[in-house]
Amino acid sequence: MKRRKGFIAILIIVLVAIGVSGYCYQSSRTPEYALDQLMEGVQERDMKKVQRYADLTSIVTISYDQSTEILARDIGVLQKEYPDDWFFRHDMSFMKQYIADRRDNDIVFINRSLEFFLTPSLTPIGENDQKAQWLAREADTFTKHYSVKLDNVERKGDWAEATFTITGDDSDYGRLVPELTVKAELMQHEDGHFQVMRISNIEDMFAPVVKGVEDYWTLQGWQ
């Protein structure tokens, strides 16, 4: 679970960090503008700007809860697809309890990893911080091998959903998840600015990301 927790952290950081292309914006009260400002904040490692245009706590918590719910639900399928992975050799009941026992600490760890990614000057204190810093650096490596194109933004009042295509390059890292569709929901606040609140297609992303996880462990020599 520790390594999977790490990959969830890397995935979330990469989704936030990769530059987006293929759109233009007209005013500060559009979802497109919010995405532009979010990318600018990440590139500048401006934590305050990133937090204005992305609710990181919400994104992390919802992504974690949805992905681990699918993990527990589909554990039997995963056992058949990846029989050599010891982690999948448990039943649904065990997985639900295991996840529940770790949830709060895992979410704190993932958020801390984001802090290290967005604030490289932070000094780690203790073993957990060192692991979080390592994940942030690994996420930075991932971002060099993936690009993102914004395909569409659908807006209905104060709600919007952006659809992206993530594409990996022809490298060991880029081939882990060659292509992935990601959808992100944004909400408009009272002052008019939009903010990314959650990844809305975790269910669709789960299988290709799990395969990427398995290939990543093999690449690192961990299985």
# chains A, B, ... in the order shown; residues from 1 in each chain; ligands from 1
>>> closest_atom_pairs(of="range 25-122 of chain A", to="range 181-203 of chain A", cutoff="9 Å", atoms="only C-alpha atoms", output="CSV")
residue,atom,partner,partner_atom,distance
A:Ser28,CA,A:His193,CA,6.5
A:Arg29,CA,A:His193,CA,5.1
A:Thr30,CA,A:Phe194,CA,6.6
A:Pro31,CA,A:Phe194,CA,5.4
A:Glu32,CA,A:Phe194,CA,8.6
A:Tyr33,CA,A:Phe194,CA,8.1
A:Ala34,CA,A:Phe194,CA,5.6
A:Leu35,CA,A:Val196,CA,8.1
A:Leu38,CA,A:Gln195,CA,8.9
A:Gln51,CA,A:Gln195,CA,8.6
A:Arg52,CA,A:Gln195,CA,6.9
A:Tyr53,CA,A:Gln195,CA,4.4
A:Ala54,CA,A:Val196,CA,4.5
A:Asp55,CA,A:Met197,CA,5.4
A:Leu56,CA,A:Met197,CA,7.6
A:Thr57,CA,A:Met197,CA,8.7
A:Ser58,CA,A:Met197,CA,5.9
A:Ile59,CA,A:Arg198,CA,4.5
A:Val60,CA,A:Arg198,CA,8.0
A:Thr61,CA,A:Arg198,CA,8.9
A:Ile62,CA,A:Arg198,CA,6.6
A:Ser63,CA,A:Ile199,CA,6.7
A:Gln66,CA,A:Ile202,CA,6.8
A:Ser67,CA,A:Ile202,CA,6.6
A:Ile70,CA,A:Glu203,CA,7.4
>>> write_last_selection(atoms="N, CA and C atoms", output="compact mmCIF listing (two decimals), in the first residue's frame")
# COMPACT_ATOMS: atom_id res chain seq x y z
N SER A 28 -11.28 36.77 -16.60
CA SER A 28 -10.89 36.09 -15.38
C SER A 28 -12.03 35.28 -14.78
N ARG A 29 -13.24 35.42 -15.32
CA ARG A 29 -14.40 34.71 -14.79
C ARG A 29 -14.74 33.49 -15.63
N THR A 30 -13.76 32.89 -16.27
CA THR A 30 -13.98 31.68 -17.06
C THR A 30 -13.15 30.53 -16.51
N PRO A 31 -13.62 29.29 -16.71
CA PRO A 31 -12.82 28.13 -16.28
C PRO A 31 -11.49 28.04 -17.01
N GLU A 32 -11.47 28.50 -18.27
CA GLU A 32 -10.21 28.46 -19.02
C GLU A 32 -9.15 29.36 -18.38
N TYR A 33 -9.58 30.51 -17.93
CA TYR A 33 -8.65 31.42 -17.25
C TYR A 33 -8.11 30.78 -15.97
N ALA A 34 -8.99 30.12 -15.22
CA ALA A 34 -8.57 29.46 -13.98
C ALA A 34 -7.51 28.40 -14.27
N LEU A 35 -7.70 27.63 -15.34
CA LEU A 35 -6.72 26.60 -15.70
C LEU A 35 -5.39 27.24 -16.10
N LEU A 38 -3.73 28.39 -12.95
CA LEU A 38 -3.25 27.22 -12.19
C LEU A 38 -1.92 26.75 -12.74
N GLN A 51 -3.36 27.24 -4.89
CA GLN A 51 -4.46 26.98 -3.98
C GLN A 51 -5.70 27.80 -4.32
N ARG A 52 -5.51 28.96 -4.95
CA ARG A 52 -6.67 29.76 -5.36
C ARG A 52 -7.43 29.07 -6.48
N TYR A 53 -6.72 28.42 -7.40
CA TYR A 53 -7.36 27.86 -8.58
C TYR A 53 -7.51 26.34 -8.54
N ALA A 54 -7.06 25.71 -7.48
CA ALA A 54 -7.25 24.28 -7.31
C ALA A 54 -7.42 23.99 -5.82
N ASP A 55 -8.53 23.38 -5.46
CA ASP A 55 -8.74 22.98 -4.07
C ASP A 55 -8.01 21.66 -3.86
N LEU A 56 -6.73 21.76 -3.49
CA LEU A 56 -5.88 20.58 -3.41
C LEU A 56 -6.39 19.57 -2.39
N THR A 57 -6.89 20.06 -1.27
CA THR A 57 -7.42 19.14 -0.24
C THR A 57 -8.59 18.34 -0.79
N SER A 58 -9.48 19.01 -1.50
CA SER A 58 -10.63 18.33 -2.10
C SER A 58 -10.19 17.34 -3.17
N ILE A 59 -9.28 17.76 -4.04
CA ILE A 59 -8.81 16.87 -5.11
C ILE A 59 -8.15 15.62 -4.54
N VAL A 60 -7.28 15.81 -3.57
CA VAL A 60 -6.57 14.67 -2.96
C VAL A 60 -7.55 13.74 -2.26
N THR A 61 -8.43 14.30 -1.43
CA THR A 61 -9.34 13.47 -0.64
C THR A 61 -10.30 12.69 -1.51
N ILE A 62 -10.92 13.35 -2.47
CA ILE A 62 -11.89 12.67 -3.33
C ILE A 62 -11.20 11.63 -4.21
N SER A 63 -10.04 11.97 -4.77
CA SER A 63 -9.30 11.01 -5.61
C SER A 63 -8.89 9.79 -4.80
N GLN A 66 -12.17 7.68 -3.86
CA GLN A 66 -12.76 6.98 -4.99
C GLN A 66 -11.87 5.86 -5.50
N SER A 67 -10.57 6.12 -5.60
CA SER A 67 -9.66 5.10 -6.13
C SER A 67 -9.53 3.91 -5.18
N ILE A 70 -12.67 1.72 -5.39
CA ILE A 70 -12.61 0.85 -6.56
C ILE A 70 -11.63 -0.29 -6.31
>>> residues_around(residues="Asp129 in chain A", least_positions_apart="6", cutoff="12 Å", atoms="only C-alpha atoms", output="list in words")
Val108, Phe109, Ile110, Asn111, Arg112, Ser113, Leu114, Glu115, Phe116, Phe117, Leu122, Thr123, Leu135 and Ala136 of chain A
>>> write_last_selection(atoms="all heavy atoms", output="short mmCIF file (atom, residue, chain, number, x, y, z; two decimals), in the first residue's frame")
data_model
loop_
_atom_site.label_atom_id
_atom_site.label_comp_id
_atom_site.auth_asym_id
_atom_site.auth_seq_id
_atom_site.Cartn_x
_atom_site.Cartn_y
_atom_site.Cartn_z
N VAL A 108 -2.75 12.90 4.55
CA VAL A 108 -1.78 13.88 5.06
C VAL A 108 -0.47 13.77 4.29
O VAL A 108 0.14 14.78 3.89
CB VAL A 108 -1.54 13.67 6.57
CG1 VAL A 108 -0.33 14.48 7.04
CG2 VAL A 108 -2.77 14.06 7.37
N PHE A 109 -0.03 12.55 4.04
CA PHE A 109 1.24 12.31 3.34
C PHE A 109 1.18 12.84 1.91
O PHE A 109 2.12 13.48 1.43
CB PHE A 109 1.54 10.81 3.34
CG PHE A 109 2.79 10.46 2.60
CD1 PHE A 109 4.04 10.58 3.19
CD2 PHE A 109 2.73 9.99 1.29
CE1 PHE A 109 5.20 10.25 2.51
CE2 PHE A 109 3.88 9.67 0.59
CZ PHE A 109 5.11 9.79 1.20
N ILE A 110 0.07 12.58 1.22
CA ILE A 110 -0.05 13.05 -0.16
C ILE A 110 -0.05 14.57 -0.22
O ILE A 110 0.61 15.19 -1.07
CB ILE A 110 -1.33 12.47 -0.81
CG1 ILE A 110 -1.20 10.95 -0.95
CG2 ILE A 110 -1.56 13.10 -2.18
CD1 ILE A 110 -2.50 10.26 -1.35
N ASN A 111 -0.78 15.20 0.69
CA ASN A 111 -0.78 16.67 0.73
C ASN A 111 0.61 17.22 1.04
O ASN A 111 1.02 18.25 0.50
CB ASN A 111 -1.80 17.16 1.76
CG ASN A 111 -3.22 17.17 1.23
OD1 ASN A 111 -3.53 17.87 0.27
ND2 ASN A 111 -4.09 16.40 1.85
N ARG A 112 1.33 16.53 1.91
CA ARG A 112 2.69 16.96 2.22
C ARG A 112 3.59 16.83 1.00
O ARG A 112 4.45 17.70 0.76
CB ARG A 112 3.24 16.13 3.38
CG ARG A 112 4.61 16.58 3.89
CD ARG A 112 4.57 17.98 4.46
NE ARG A 112 5.81 18.32 5.16
CZ ARG A 112 6.20 19.56 5.42
NH1 ARG A 112 5.43 20.58 5.06
NH2 ARG A 112 7.32 19.79 6.06
N SER A 113 3.40 15.79 0.21
CA SER A 113 4.17 15.63 -1.02
C SER A 113 3.92 16.79 -1.98
O SER A 113 4.85 17.29 -2.63
CB SER A 113 3.80 14.30 -1.70
OG SER A 113 4.07 13.20 -0.88
N LEU A 114 2.66 17.23 -2.04
CA LEU A 114 2.34 18.39 -2.88
C LEU A 114 3.04 19.65 -2.37
O LEU A 114 3.49 20.48 -3.16
CB LEU A 114 0.82 18.60 -2.90
CG LEU A 114 0.04 17.70 -3.85
CD1 LEU A 114 -1.45 17.74 -3.51
CD2 LEU A 114 0.27 18.12 -5.30
N GLU A 115 3.13 19.79 -1.06
CA GLU A 115 3.83 20.94 -0.49
C GLU A 115 5.29 20.94 -0.93
O GLU A 115 5.84 21.99 -1.29
CB GLU A 115 3.75 20.91 1.03
CG GLU A 115 2.39 21.25 1.61
CD GLU A 115 2.42 21.28 3.12
OE1 GLU A 115 3.39 21.81 3.69
OE2 GLU A 115 1.48 20.75 3.74
N PHE A 116 5.93 19.79 -0.89
CA PHE A 116 7.34 19.72 -1.32
C PHE A 116 7.48 20.00 -2.81
O PHE A 116 8.45 20.62 -3.24
CB PHE A 116 7.93 18.35 -0.98
CG PHE A 116 8.42 18.24 0.43
CD1 PHE A 116 7.72 17.52 1.38
CD2 PHE A 116 9.59 18.88 0.83
CE1 PHE A 116 8.15 17.44 2.69
CE2 PHE A 116 10.05 18.81 2.14
CZ PHE A 116 9.32 18.08 3.08
N PHE A 117 6.49 19.55 -3.59
CA PHE A 117 6.56 19.80 -5.03
C PHE A 117 6.45 21.28 -5.34
O PHE A 117 7.18 21.83 -6.16
CB PHE A 117 5.46 19.03 -5.75
CG PHE A 117 5.48 19.22 -7.25
CD1 PHE A 117 6.32 18.46 -8.05
CD2 PHE A 117 4.68 20.18 -7.85
CE1 PHE A 117 6.37 18.66 -9.42
CE2 PHE A 117 4.71 20.38 -9.21
CZ PHE A 117 5.56 19.61 -10.00
N LEU A 122 11.55 23.74 0.86
CA LEU A 122 11.21 23.17 2.16
C LEU A 122 12.27 22.17 2.61
O LEU A 122 12.79 21.39 1.81
CB LEU A 122 9.85 22.46 2.09
CG LEU A 122 8.58 23.30 2.19
CD1 LEU A 122 7.36 22.37 2.10
CD2 LEU A 122 8.54 24.09 3.48
N THR A 123 12.57 22.19 3.88
CA THR A 123 13.52 21.23 4.45
C THR A 123 12.76 20.09 5.12
O THR A 123 11.92 20.33 5.98
CB THR A 123 14.41 21.91 5.50
OG1 THR A 123 15.12 22.98 4.88
CG2 THR A 123 15.40 20.92 6.11
N LEU A 135 8.94 11.67 -3.31
CA LEU A 135 7.80 11.57 -4.22
C LEU A 135 7.64 12.83 -5.05
O LEU A 135 7.32 12.77 -6.24
CB LEU A 135 6.53 11.30 -3.43
CG LEU A 135 6.33 9.85 -2.97
CD1 LEU A 135 5.14 9.75 -2.04
CD2 LEU A 135 6.15 8.93 -4.16
N ALA A 136 7.84 13.98 -4.43
CA ALA A 136 7.74 15.24 -5.17
C ALA A 136 8.77 15.29 -6.28
O ALA A 136 8.48 15.74 -7.40
CB ALA A 136 7.92 16.41 -4.21
#
>>> residues_around(residues="Gly41 in chain A", least_positions_apart="4", cutoff="9 Å", atoms="only C-alpha atoms", output="MDAnalysis selection string")
chainID A and resid 36:37 45:51 53 118
>>> write_last_selection(atoms="C-alpha atoms", output="short mmCIF file (atom, residue, chain, number, x, y, z; two decimals), in the first residue's frame")
data_model
loop_
_atom_site.label_atom_id
_atom_site.label_comp_id
_atom_site.auth_asym_id
_atom_site.auth_seq_id
_atom_site.Cartn_x
_atom_site.Cartn_y
_atom_site.Cartn_z
CA ASP A 36 -4.24 29.04 -17.22
CA GLN A 37 -3.58 30.63 -13.83
CA ARG A 45 5.95 27.25 -7.70
CA ASP A 46 3.47 29.78 -6.33
CA MET A 47 1.56 27.84 -3.68
CA LYS A 48 -0.89 30.68 -3.02
CA LYS A 49 -1.92 30.93 -6.67
CA VAL A 50 -2.22 27.17 -7.04
CA GLN A 51 -4.46 26.98 -3.98
CA TYR A 53 -7.36 27.86 -8.58
CA LEU A 118 5.26 23.36 -4.92
#
>>> select_by_dssp(residues="range 52-164 of chain A", states="strand (DSSP E)", output="list in words")
Tyr146, Ser147, Val148, Lys149, Leu150, Asp151, Asn152, Val153, Glu154, Arg155, Lys156, Trp159, Ala160, Glu161, Ala162, Thr163 and Phe164 of chain A
>>> write_last_selection(atoms="all heavy atoms", output="tab-separated table (two decimals), in the first residue's frame")
chain	number	residue	atom	x	y	z
A	146	TYR	N	5.46	13.82	-19.95
A	146	TYR	CA	4.04	13.86	-20.32
A	146	TYR	C	3.62	15.26	-20.72
A	146	TYR	O	4.12	16.25	-20.19
A	146	TYR	CB	3.16	13.37	-19.14
A	146	TYR	CG	3.27	11.89	-18.91
A	146	TYR	CD1	4.29	11.37	-18.11
A	146	TYR	CD2	2.38	11.00	-19.51
A	146	TYR	CE1	4.41	10.01	-17.92
A	146	TYR	CE2	2.50	9.64	-19.32
A	146	TYR	CZ	3.51	9.14	-18.52
A	146	TYR	OH	3.64	7.80	-18.34
A	147	SER	N	2.70	15.32	-21.67
A	147	SER	CA	2.11	16.59	-22.08
A	147	SER	C	0.59	16.45	-21.98
A	147	SER	O	0.05	15.34	-22.00
A	147	SER	CB	2.52	16.96	-23.51
A	147	SER	OG	2.08	15.96	-24.42
A	148	VAL	N	-0.08	17.58	-21.88
A	148	VAL	CA	-1.53	17.57	-21.74
A	148	VAL	C	-2.15	18.55	-22.71
A	148	VAL	O	-1.66	19.67	-22.88
A	148	VAL	CB	-1.96	17.97	-20.31
A	148	VAL	CG1	-3.48	18.00	-20.20
A	148	VAL	CG2	-1.40	17.00	-19.29
A	149	LYS	N	-3.22	18.12	-23.36
A	149	LYS	CA	-3.97	19.00	-24.26
A	149	LYS	C	-5.40	19.10	-23.73
A	149	LYS	O	-6.02	18.08	-23.41
A	149	LYS	CB	-3.98	18.48	-25.68
A	149	LYS	CG	-4.67	19.41	-26.68
A	149	LYS	CD	-4.59	18.85	-28.09
A	149	LYS	CE	-5.20	19.84	-29.07
A	149	LYS	NZ	-6.65	20.08	-28.80
A	150	LEU	N	-5.90	20.31	-23.61
A	150	LEU	CA	-7.28	20.52	-23.21
A	150	LEU	C	-8.16	20.32	-24.44
A	150	LEU	O	-8.05	21.03	-25.42
A	150	LEU	CB	-7.46	21.94	-22.66
A	150	LEU	CG	-8.87	22.30	-22.19
A	150	LEU	CD1	-9.31	21.41	-21.04
A	150	LEU	CD2	-8.93	23.76	-21.78
A	151	ASP	N	-9.04	19.32	-24.37
A	151	ASP	CA	-9.90	19.00	-25.51
A	151	ASP	C	-11.20	19.78	-25.51
A	151	ASP	O	-11.71	20.15	-26.57
A	151	ASP	CB	-10.23	17.50	-25.50
A	151	ASP	CG	-8.99	16.63	-25.61
A	151	ASP	OD1	-8.11	16.97	-26.43
A	151	ASP	OD2	-8.89	15.63	-24.87
A	152	ASN	N	-11.76	20.02	-24.32
A	152	ASN	CA	-13.07	20.64	-24.27
A	152	ASN	C	-13.35	21.17	-22.87
A	152	ASN	O	-12.85	20.63	-21.88
A	152	ASN	CB	-14.14	19.59	-24.63
A	152	ASN	CG	-15.55	20.16	-24.63
A	152	ASN	OD1	-15.84	21.10	-25.36
A	152	ASN	ND2	-16.41	19.60	-23.79
A	153	VAL	N	-14.13	22.24	-22.80
A	153	VAL	CA	-14.65	22.73	-21.53
A	153	VAL	C	-16.16	22.89	-21.68
A	153	VAL	O	-16.62	23.64	-22.55
A	153	VAL	CB	-14.02	24.07	-21.11
A	153	VAL	CG1	-14.68	24.58	-19.83
A	153	VAL	CG2	-12.52	23.92	-20.89
A	154	GLU	N	-16.89	22.18	-20.85
A	154	GLU	CA	-18.35	22.30	-20.83
A	154	GLU	C	-18.75	23.10	-19.60
A	154	GLU	O	-18.36	22.77	-18.49
A	154	GLU	CB	-19.00	20.92	-20.78
A	154	GLU	CG	-20.51	20.94	-20.71
A	154	GLU	CD	-21.12	19.57	-20.52
A	154	GLU	OE1	-20.36	18.58	-20.50
A	154	GLU	OE2	-22.35	19.47	-20.37
A	155	ARG	N	-19.53	24.16	-19.82
A	155	ARG	CA	-19.92	25.01	-18.70
A	155	ARG	C	-21.43	25.11	-18.59
A	155	ARG	O	-22.12	25.29	-19.59
A	155	ARG	CB	-19.32	26.41	-18.86
A	155	ARG	CG	-19.71	27.37	-17.73
A	155	ARG	CD	-19.04	28.72	-17.87
A	155	ARG	NE	-19.50	29.63	-16.82
A	155	ARG	CZ	-19.10	30.89	-16.69
A	155	ARG	NH1	-18.22	31.40	-17.55
A	155	ARG	NH2	-19.56	31.65	-15.71
A	156	LYS	N	-21.91	24.98	-17.36
A	156	LYS	CA	-23.34	25.17	-17.06
A	156	LYS	C	-23.42	26.04	-15.81
A	156	LYS	O	-23.26	25.53	-14.70
A	156	LYS	CB	-24.04	23.83	-16.84
A	156	LYS	CG	-24.08	22.94	-18.07
A	156	LYS	CD	-24.78	21.62	-17.78
A	156	LYS	CE	-24.83	20.73	-19.01
A	156	LYS	NZ	-25.49	19.42	-18.73
A	159	TRP	N	-20.86	25.82	-12.77
A	159	TRP	CA	-20.19	24.51	-12.85
A	159	TRP	C	-19.53	24.35	-14.22
A	159	TRP	O	-20.06	24.83	-15.23
A	159	TRP	CB	-21.20	23.39	-12.63
A	159	TRP	CG	-20.67	21.99	-12.85
A	159	TRP	CD1	-20.14	21.15	-11.92
A	159	TRP	CD2	-20.65	21.26	-14.09
A	159	TRP	NE1	-19.77	19.95	-12.50
A	159	TRP	CE2	-20.09	19.99	-13.83
A	159	TRP	CE3	-21.04	21.56	-15.40
A	159	TRP	CZ2	-19.91	19.02	-14.81
A	159	TRP	CZ3	-20.86	20.59	-16.39
A	159	TRP	CH2	-20.30	19.34	-16.09
A	160	ALA	N	-18.39	23.70	-14.25
A	160	ALA	CA	-17.72	23.42	-15.52
A	160	ALA	C	-16.95	22.12	-15.41
A	160	ALA	O	-16.54	21.71	-14.31
A	160	ALA	CB	-16.78	24.56	-15.92
A	161	GLU	N	-16.77	21.47	-16.55
A	161	GLU	CA	-15.96	20.25	-16.60
A	161	GLU	C	-14.99	20.35	-17.77
A	161	GLU	O	-15.40	20.60	-18.90
A	161	GLU	CB	-16.82	19.00	-16.74
A	161	GLU	CG	-16.00	17.71	-16.71
A	161	GLU	CD	-16.87	16.46	-16.79
A	161	GLU	OE1	-17.50	16.26	-17.85
A	161	GLU	OE2	-16.93	15.72	-15.79
A	162	ALA	N	-13.72	20.20	-17.47
A	162	ALA	CA	-12.67	20.26	-18.49
A	162	ALA	C	-12.21	18.84	-18.81
A	162	ALA	O	-12.01	18.03	-17.90
A	162	ALA	CB	-11.50	21.09	-17.99
A	163	THR	N	-12.05	18.55	-20.09
A	163	THR	CA	-11.57	17.24	-20.53
A	163	THR	C	-10.19	17.39	-21.14
A	163	THR	O	-9.98	18.22	-22.04
A	163	THR	CB	-12.53	16.62	-21.56
A	163	THR	OG1	-13.83	16.49	-20.99
A	163	THR	CG2	-12.03	15.25	-22.00
A	164	PHE	N	-9.24	16.61	-20.63
A	164	PHE	CA	-7.85	16.66	-21.10
A	164	PHE	C	-7.44	15.31	-21.67
A	164	PHE	O	-7.96	14.27	-21.28
A	164	PHE	CB	-6.89	16.95	-19.93
A	164	PHE	CG	-7.22	18.15	-19.12
A	164	PHE	CD1	-8.04	18.07	-18.02
A	164	PHE	CD2	-6.67	19.39	-19.45
A	164	PHE	CE1	-8.34	19.19	-17.26
A	164	PHE	CE2	-6.95	20.50	-18.70
A	164	PHE	CZ	-7.79	20.41	-17.59
>>> select_by_dssp(residues="range 14-137 of chain A", states="alpha helix (DSSP H)", output="MDAnalysis selection string")
chainID A and resid 14:17 31:43 47:53 56:73 75:81 92:118 127:137
>>> atom_distance(atom1="CA of Ala72 in chain A", atom2="CA of Lys96 in chain A")
5.9 Å
>>> residues_around(residues="range 205-218 of chain A", least_positions_apart="3", cutoff="6 Å", atoms="only C-alpha atoms", output="VMD selection string")
chain A and resid 176 to 177 202 221 to 223
>>> write_last_selection(atoms="N, CA and C atoms", output="compact mmCIF listing (two decimals), in the first residue's frame")
# COMPACT_ATOMS: atom_id res chain seq x y z
N LEU A 176 4.62 4.28 -19.55
CA LEU A 176 3.87 3.68 -18.45
C LEU A 176 2.37 3.87 -18.63
N VAL A 177 1.98 5.08 -19.01
CA VAL A 177 0.57 5.37 -19.35
C VAL A 177 0.61 6.18 -20.64
N ILE A 202 -12.47 9.15 -12.23
CA ILE A 202 -11.56 8.18 -11.59
C ILE A 202 -11.86 6.76 -12.02
N GLY A 221 12.43 -2.03 -10.38
CA GLY A 221 13.02 -3.25 -9.84
C GLY A 221 12.42 -3.67 -8.50
N TRP A 222 11.17 -3.22 -8.24
CA TRP A 222 10.52 -3.51 -6.97
C TRP A 222 9.67 -4.77 -6.99
N GLN A 223 9.48 -5.36 -8.18
CA GLN A 223 8.73 -6.62 -8.26
C GLN A 223 9.16 -7.35 -9.53
>>> decode(residues="range 89-97 of chain A", atoms="all heavy atoms", output="PDB file, in the first residue's frame")
ATOM      1  N   ARG A  89      -3.563 -10.104  -3.146  1.00  0.00           N
ATOM      2  CA  ARG A  89      -3.946 -11.421  -2.624  1.00  0.00           C
ATOM      3  C   ARG A  89      -4.737 -11.322  -1.321  1.00  0.00           C
ATOM      4  O   ARG A  89      -4.540 -12.093  -0.384  1.00  0.00           O
ATOM      5  CB  ARG A  89      -2.690 -12.278  -2.415  1.00  0.00           C
ATOM      6  CG  ARG A  89      -1.930 -12.545  -3.703  1.00  0.00           C
ATOM      7  CD  ARG A  89      -0.616 -13.260  -3.438  1.00  0.00           C
ATOM      8  NE  ARG A  89       0.201 -13.315  -4.646  1.00  0.00           N
ATOM      9  CZ  ARG A  89       1.453 -13.781  -4.681  1.00  0.00           C
ATOM     10  NH1 ARG A  89       2.023 -14.238  -3.557  1.00  0.00           N
ATOM     11  NH2 ARG A  89       2.132 -13.781  -5.812  1.00  0.00           N
ATOM     12  N   HIS A  90      -5.623 -10.358  -1.270  1.00  0.00           N
ATOM     13  CA  HIS A  90      -6.479 -10.163  -0.099  1.00  0.00           C
ATOM     14  C   HIS A  90      -7.925 -10.105  -0.569  1.00  0.00           C
ATOM     15  O   HIS A  90      -8.197  -9.907  -1.759  1.00  0.00           O
ATOM     16  CB  HIS A  90      -6.117  -8.859   0.632  1.00  0.00           C
ATOM     17  CG  HIS A  90      -4.701  -8.795   1.116  1.00  0.00           C
ATOM     18  ND1 HIS A  90      -4.222  -9.553   2.149  1.00  0.00           N
ATOM     19  CD2 HIS A  90      -3.643  -8.059   0.685  1.00  0.00           C
ATOM     20  CE1 HIS A  90      -2.953  -9.286   2.361  1.00  0.00           C
ATOM     21  NE2 HIS A  90      -2.568  -8.382   1.475  1.00  0.00           N
ATOM     22  N   ASP A  91      -8.860 -10.254   0.365  1.00  0.00           N
ATOM     23  CA  ASP A  91     -10.263 -10.154  -0.013  1.00  0.00           C
ATOM     24  C   ASP A  91     -10.783  -8.729   0.235  1.00  0.00           C
ATOM     25  O   ASP A  91     -10.079  -7.871   0.779  1.00  0.00           O
ATOM     26  CB  ASP A  91     -11.115 -11.180   0.729  1.00  0.00           C
ATOM     27  CG  ASP A  91     -11.065 -11.015   2.242  1.00  0.00           C
ATOM     28  OD1 ASP A  91     -10.721  -9.918   2.730  1.00  0.00           O
ATOM     29  OD2 ASP A  91     -11.371 -11.998   2.947  1.00  0.00           O
ATOM     30  N   MET A  92     -12.015  -8.503  -0.171  1.00  0.00           N
ATOM     31  CA  MET A  92     -12.596  -7.172  -0.088  1.00  0.00           C
ATOM     32  C   MET A  92     -12.684  -6.683   1.356  1.00  0.00           C
ATOM     33  O   MET A  92     -12.401  -5.512   1.645  1.00  0.00           O
ATOM     34  CB  MET A  92     -13.994  -7.151  -0.722  1.00  0.00           C
ATOM     35  CG  MET A  92     -14.627  -5.775  -0.765  1.00  0.00           C
ATOM     36  SD  MET A  92     -16.347  -5.802  -1.360  1.00  0.00           S
ATOM     37  CE  MET A  92     -16.106  -6.460  -3.007  1.00  0.00           C
ATOM     38  N   SER A  93     -13.065  -7.562   2.253  1.00  0.00           N
ATOM     39  CA  SER A  93     -13.212  -7.179   3.659  1.00  0.00           C
ATOM     40  C   SER A  93     -11.892  -6.685   4.234  1.00  0.00           C
ATOM     41  O   SER A  93     -11.839  -5.650   4.913  1.00  0.00           O
ATOM     42  CB  SER A  93     -13.743  -8.354   4.475  1.00  0.00           C
ATOM     43  OG  SER A  93     -13.832  -8.014   5.838  1.00  0.00           O
ATOM     44  N   PHE A  94     -10.818  -7.417   3.962  1.00  0.00           N
ATOM     45  CA  PHE A  94      -9.493  -7.021   4.448  1.00  0.00           C
ATOM     46  C   PHE A  94      -9.095  -5.670   3.871  1.00  0.00           C
ATOM     47  O   PHE A  94      -8.604  -4.792   4.593  1.00  0.00           O
ATOM     48  CB  PHE A  94      -8.453  -8.074   4.073  1.00  0.00           C
ATOM     49  CG  PHE A  94      -7.046  -7.671   4.427  1.00  0.00           C
ATOM     50  CD1 PHE A  94      -6.508  -7.971   5.666  1.00  0.00           C
ATOM     51  CD2 PHE A  94      -6.252  -6.975   3.509  1.00  0.00           C
ATOM     52  CE1 PHE A  94      -5.212  -7.591   6.006  1.00  0.00           C
ATOM     53  CE2 PHE A  94      -4.955  -6.591   3.836  1.00  0.00           C
ATOM     54  CZ  PHE A  94      -4.438  -6.906   5.089  1.00  0.00           C
ATOM     55  N   MET A  95      -9.319  -5.496   2.562  1.00  0.00           N
ATOM     56  CA  MET A  95      -8.891  -4.266   1.911  1.00  0.00           C
ATOM     57  C   MET A  95      -9.630  -3.057   2.466  1.00  0.00           C
ATOM     58  O   MET A  95      -9.035  -1.993   2.691  1.00  0.00           O
ATOM     59  CB  MET A  95      -9.108  -4.369   0.392  1.00  0.00           C
ATOM     60  CG  MET A  95      -8.169  -5.333  -0.317  1.00  0.00           C
ATOM     61  SD  MET A  95      -6.424  -4.934  -0.041  1.00  0.00           S
ATOM     62  CE  MET A  95      -6.355  -3.259  -0.637  1.00  0.00           C
ATOM     63  N   LYS A  96     -10.923  -3.197   2.704  1.00  0.00           N
ATOM     64  CA  LYS A  96     -11.697  -2.074   3.237  1.00  0.00           C
ATOM     65  C   LYS A  96     -11.163  -1.649   4.600  1.00  0.00           C
ATOM     66  O   LYS A  96     -11.021  -0.446   4.871  1.00  0.00           O
ATOM     67  CB  LYS A  96     -13.173  -2.462   3.339  1.00  0.00           C
ATOM     68  CG  LYS A  96     -13.894  -2.492   1.997  1.00  0.00           C
ATOM     69  CD  LYS A  96     -15.373  -2.796   2.186  1.00  0.00           C
ATOM     70  CE  LYS A  96     -16.124  -2.721   0.862  1.00  0.00           C
ATOM     71  NZ  LYS A  96     -17.570  -3.005   1.045  1.00  0.00           N
ATOM     72  N   GLN A  97     -10.868  -2.627   5.458  1.00  0.00           N
ATOM     73  CA  GLN A  97     -10.360  -2.293   6.776  1.00  0.00           C
ATOM     74  C   GLN A  97      -8.959  -1.709   6.697  1.00  0.00           C
ATOM     75  O   GLN A  97      -8.622  -0.752   7.411  1.00  0.00           O
ATOM     76  CB  GLN A  97     -10.366  -3.532   7.675  1.00  0.00           C
ATOM     77  CG  GLN A  97     -10.011  -3.245   9.128  1.00  0.00           C
ATOM     78  CD  GLN A  97     -10.962  -2.260   9.770  1.00  0.00           C
ATOM     79  OE1 GLN A  97     -12.182  -2.451   9.732  1.00  0.00           O
ATOM     80  NE2 GLN A  97     -10.430  -1.180  10.357  1.00  0.00           N
TER      81      GLN A  97
END
